[in-house]
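**Q** Got a file for you: model_34.cif, mmCIF, C-alpha atoms.
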```cif
data_query
#
loop_
_atom_site.group_PDB
_atom_site.id
_atom_site.type_symbol
_atom_site.label_atom_id
_atom_site.label_comp_id
_atom_site.auth_asym_id
_atom_site.auth_seq_id
_atom_site.Cartn_x
_atom_site.Cartn_y
_atom_site.Cartn_z
ATOM 1 C CA MET S 1 -16.494 -7.304 -30.155
ATOM 2 C CA SER S 2 -16.630 -6.146 -26.559
ATOM 3 C CA VAL S 3 -14.082 -3.691 -25.228
ATOM 4 C CA GLU S 4 -11.206 -5.321 -23.342
ATOM 5 C CA LEU S 5 -8.070 -3.937 -21.761
ATOM 6 C CA ASN S 6 -5.146 -5.318 -23.782
ATOM 7 C CA HIS S 7 -2.111 -3.710 -22.145
ATOM 8 C CA THR S 8 -0.926 -0.791 -20.088
ATOM 9 C CA ILE S 9 2.468 0.825 -19.630
ATOM 10 C CA ILE S 10 3.893 1.081 -16.126
ATOM 11 C CA HIS S 11 6.724 3.571 -15.748
ATOM 12 C CA SER S 12 9.444 2.366 -13.424
ATOM 13 C CA ARG S 13 12.920 3.179 -12.212
ATOM 14 C CA ASP S 14 14.213 -0.096 -13.697
ATOM 15 C CA ASN S 15 11.859 -1.924 -16.063
ATOM 16 C CA ARG S 16 13.475 -5.343 -15.607
ATOM 17 C CA ALA S 17 13.611 -5.150 -11.786
ATOM 18 C CA SER S 18 9.980 -4.020 -11.546
ATOM 19 C CA ALA S 19 8.729 -6.660 -14.003
ATOM 20 C CA GLU S 20 10.623 -9.449 -12.240
ATOM 21 C CA PHE S 21 9.454 -8.271 -8.800
ATOM 22 C CA LEU S 22 5.764 -8.366 -9.737
ATOM 23 C CA ALA S 23 6.056 -11.573 -11.766
ATOM 24 C CA ASP S 24 7.774 -13.323 -8.843
ATOM 25 C CA ILE S 25 5.139 -12.215 -6.318
ATOM 26 C CA LEU S 26 2.218 -13.205 -8.570
ATOM 27 C CA GLY S 27 3.768 -16.346 -10.039
ATOM 28 C CA LEU S 28 3.760 -14.971 -13.587
ATOM 29 C CA ARG S 29 6.295 -15.083 -16.402
ATOM 30 C CA VAL S 30 8.388 -12.156 -17.587
ATOM 31 C CA GLY S 31 8.196 -11.945 -21.371
ATOM 32 C CA ASP S 32 10.878 -11.083 -23.879
ATOM 33 C CA GLU S 33 11.984 -7.472 -24.031
ATOM 34 C CA TRP S 34 10.169 -5.604 -26.786
ATOM 35 C CA GLY S 35 11.658 -2.200 -27.564
ATOM 36 C CA PRO S 36 11.719 -0.244 -24.289
ATOM 37 C CA PHE S 37 9.264 -2.648 -22.610
ATOM 38 C CA ILE S 38 9.533 -5.686 -20.360
ATOM 39 C CA PRO S 39 6.094 -7.385 -20.448
ATOM 40 C CA VAL S 40 4.327 -9.400 -17.772
ATOM 41 C CA GLU S 41 1.151 -11.108 -18.998
ATOM 42 C CA THR S 42 -1.711 -11.812 -16.609
ATOM 43 C CA GLY S 43 -4.006 -14.832 -16.763
ATOM 44 C CA ASN S 44 -6.683 -12.950 -18.685
ATOM 45 C CA GLY S 45 -4.246 -11.841 -21.396
ATOM 46 C CA VAL S 46 -3.681 -8.254 -20.230
ATOM 47 C CA THR S 47 -0.031 -7.298 -20.533
ATOM 48 C CA LEU S 48 1.707 -4.964 -18.116
ATOM 49 C CA ASP S 49 4.508 -3.355 -20.110
ATOM 50 C CA PHE S 50 7.208 -2.009 -17.786
ATOM 51 C CA ALA S 51 9.212 0.908 -19.167
ATOM 52 C CA THR S 52 12.161 2.628 -17.515
ATOM 53 C CA GLY S 53 11.471 6.315 -16.973
ATOM 54 C CA ASP S 54 12.824 9.355 -15.195
ATOM 55 C CA PRO S 55 12.510 8.504 -11.473
ATOM 56 C CA ASP S 56 11.578 12.118 -10.683
ATOM 57 C CA LYS S 57 8.597 11.965 -13.056
ATOM 58 C CA ILE S 58 7.102 8.625 -12.022
ATOM 59 C CA VAL S 59 3.632 9.126 -10.562
ATOM 60 C CA PRO S 60 2.664 6.259 -8.235
ATOM 61 C CA GLN S 61 -0.289 4.290 -9.572
ATOM 62 C CA HIS S 62 -2.453 1.490 -8.192
ATOM 63 C CA TYR S 63 -2.831 -1.971 -9.777
ATOM 64 C CA ALA S 64 -5.060 -4.656 -8.236
ATOM 65 C CA PHE S 65 -4.879 -8.365 -9.052
ATOM 66 C CA LEU S 66 -7.584 -10.934 -8.394
ATOM 67 C CA VAL S 67 -5.827 -14.148 -7.339
ATOM 68 C CA SER S 68 -6.807 -17.578 -6.052
ATOM 69 C CA GLU S 69 -6.412 -18.488 -2.382
ATOM 70 C CA GLU S 70 -3.318 -20.545 -3.277
ATOM 71 C CA GLU S 71 -1.794 -17.702 -5.291
ATOM 72 C CA PHE S 72 -2.457 -15.324 -2.405
ATOM 73 C CA ASP S 73 -0.714 -17.679 0.034
ATOM 74 C CA ALA S 74 2.335 -18.013 -2.224
ATOM 75 C CA GLY S 75 2.544 -14.290 -2.997
ATOM 76 C CA TYR S 76 2.012 -13.201 0.593
ATOM 77 C CA GLU S 77 4.690 -15.609 1.779
ATOM 78 C CA LYS S 78 7.168 -13.985 -0.648
ATOM 79 C CA ILE S 79 6.145 -10.510 0.526
ATOM 80 C CA LYS S 80 6.886 -11.491 4.129
ATOM 81 C CA GLN S 81 10.121 -13.370 3.310
ATOM 82 C CA TRP S 82 11.489 -10.470 1.272
ATOM 83 C CA GLY S 83 10.501 -7.866 3.854
ATOM 84 C CA VAL S 84 8.312 -5.968 1.381
ATOM 85 C CA ARG S 85 6.324 -3.159 3.011
ATOM 86 C CA HIS S 86 2.675 -4.171 2.979
ATOM 87 C CA PHE S 87 -0.619 -3.012 4.405
ATOM 88 C CA ALA S 88 -4.219 -4.117 4.944
ATOM 89 C CA ASP S 89 -5.526 -0.798 3.615
ATOM 90 C CA PRO S 90 -4.841 1.637 0.770
ATOM 91 C CA TYR S 91 -4.059 4.455 3.201
ATOM 92 C CA MET S 92 -1.134 2.492 4.663
ATOM 93 C CA LYS S 93 -2.422 2.844 8.229
ATOM 94 C CA ARG S 94 -2.449 -0.922 8.962
ATOM 95 C CA PRO S 95 1.106 -2.122 8.241
ATOM 96 C CA ASP S 96 2.092 -5.799 8.241
ATOM 97 C CA GLU S 97 -1.552 -6.929 8.060
ATOM 98 C CA ILE S 98 -3.992 -8.260 5.477
ATOM 99 C CA ASN S 99 -7.694 -7.463 5.169
ATOM 100 C CA HIS S 100 -10.720 -9.741 4.873
ATOM 101 C CA ASN S 101 -12.917 -7.521 2.721
ATOM 102 C CA ASP S 102 -15.927 -9.236 1.145
ATOM 103 C CA GLY S 103 -15.040 -12.459 2.967
ATOM 104 C CA GLY S 104 -11.743 -12.840 1.106
ATOM 105 C CA ARG S 105 -8.203 -11.700 1.752
ATOM 106 C CA GLY S 106 -6.332 -8.697 0.456
ATOM 107 C CA VAL S 107 -2.990 -6.970 0.821
ATOM 108 C CA TYR S 108 -1.413 -3.800 -0.569
ATOM 109 C CA PHE S 109 2.331 -3.717 -1.235
ATOM 110 C CA LEU S 110 4.763 -1.324 -2.841
ATOM 111 C CA ASP S 111 6.800 -2.242 -5.884
ATOM 112 C CA PRO S 112 10.402 -1.007 -6.406
ATOM 113 C CA SER S 113 9.133 2.192 -8.081
ATOM 114 C CA GLY S 114 6.563 3.016 -5.390
ATOM 115 C CA HIS S 115 3.454 1.785 -7.199
ATOM 116 C CA ALA S 116 0.750 0.380 -4.917
ATOM 117 C CA MET S 117 0.094 -3.213 -5.935
ATOM 118 C CA GLU S 118 -2.794 -5.165 -4.467
ATOM 119 C CA MET S 119 -3.713 -8.844 -4.308
ATOM 120 C CA ILE S 120 -7.326 -9.763 -3.512
ATOM 121 C CA THR S 121 -9.047 -13.139 -3.421
ATOM 122 C CA ARG S 122 -12.579 -11.768 -3.905
ATOM 123 C CA PRO S 123 -13.722 -8.827 -6.004
ATOM 124 C CA TYR S 124 -14.863 -5.804 -4.032
ATOM 125 C CA GLY S 125 -18.625 -5.718 -3.619
ATOM 126 C CA SER S 126 -18.975 -9.497 -3.925
ATOM 127 C CA GLY S 127 -20.347 -9.853 -0.385
ATOM 128 C CA GLY S 128 -19.095 -11.070 2.958
ATOM 129 C CA SER S 129 -17.720 -9.244 5.943
ATOM 130 C CA SER S 130 -14.955 -6.649 6.055
ATOM 131 C CA SER S 131 -12.047 -6.082 8.428
#
```
Could you write out this file's structure as structure tokens?
**A**
Amino acid sequence: MSVELNHTIIHSRDNRASAEFLADILGLRVGDEWGPFIPVETGNGVTLDFATGDPDKIVPQHYAFLVSEEEFDAGYEKIKQWGVRHFADPYMKRPDEINHNDGGRGVYFLDPSGHAMEMITRPYGSGGSSS
């Protein structure tokens, strides 16, 4: 058996709010609460288990999601409609923009707990131009 990521725990200020936020942006389903976790399952079976934690101890993390062009359009439209802070770059120097790295499209946005989420339509290093 090859090694696969099965799940990860994402600490948040409010596990339900964070799970619903990400699921809505990405067009995913929020699963049933399991103990202290609210799960969101991705298309490749990896589960993001949101857990409520002490807001003063949450360390911002980065999570990137490879999406189709259609999923990007739908998610980016929600980001703009909801007024979610977003950037073309991980350093947050290009606000309210997307990038075209590797000939695709990408955007970084912050979730309710301050985690940097990213949607990309092409994997990094897959070729194409950057901007």
**Q** If you apply the PyMOL selection byres ((chain S and resi 45-51) around 7) to this file, what residues do you get, as a list in words?
**A**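 Against this file, the PyMOL selection byres ((chain S and resi 45-51) around 7) returns the residues Leu5, Asn6, His7, Thr8, Ile9, Ile10, His11, Ser12, Asn15, Ala19, Pro36, Phe37, Ile38, Pro39, Val40, Glu41, Thr42, Gly43, Asn44, Thr52 and Gly53 of chain S.
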**Q** Find the residues around region 61-71 of chain S up to 7 Å (all atoms listed in the file counted), leave out those fewer than 5 positions away in its own chain, and share them as a PyMOL selection string.
**A** chain S and resi 26+115-123
**Q** Nearest to Asp89 (chain S): which of S:Arg13, S:Asp73, S:Trp34, S:Phe109 is it, counting all atoms listed in the file?
**A**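 Of S:Arg13, S:Asp73, S:Trp34, S:Phe109, the one nearest Asp89 (chain S), counting all atoms listed in the file, is S:Phe109.
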**Q** Show me as an MDAnalysis selection string the residues that reach within 7 Å of (1.3, -11.0, 3.2), counting all atoms listed in the file and using the file's own coordinates.
**A** chainID S and resid 76:77 79:80 86 97:98 107
**Q** Go ahead and compute the interatomic distance for CA of Arg85 (chain S) and CA of Ala17 (chain S), in Å to one decimal.
**A**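 About the pair CA of Arg85 (chain S) and CA of Ala17 (chain S): they are 16.6 Å apart.
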**Q** What is the CA of Ser113 (chain S) to CA of Ile25 (chain S) distance in Å?
**A** 15.1 Å
**Q** Looking at all atoms listed in the file, which of S:Glu4, S:Asp56, S:Asp14, S:Asp24 is the one that sits closest to Lys78 (chain S)?
**A**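 Of S:Glu4, S:Asp56, S:Asp14, S:Asp24, the one nearest Lys78 (chain S), counting all atoms listed in the file, is S:Asp24.
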**Q** For CA of Ala88 (chain S) and CA of Gly125 (chain S), quote the distance in Å rounded to one decimal.
**A**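 Computed distance, CA of Ala88 (chain S) to CA of Gly125 (chain S), equals 16.8 Å.
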**Q** With distances taken over all atoms listed in the file, which of S:Gly127, S:Pro55, S:Gly83, S:Gly75 is nearest to Gly106 (chain S)?
**A**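 Nearest candidate to Gly106 (chain S) out of S:Gly127, S:Pro55, S:Gly83, S:Gly75: S:Gly75.
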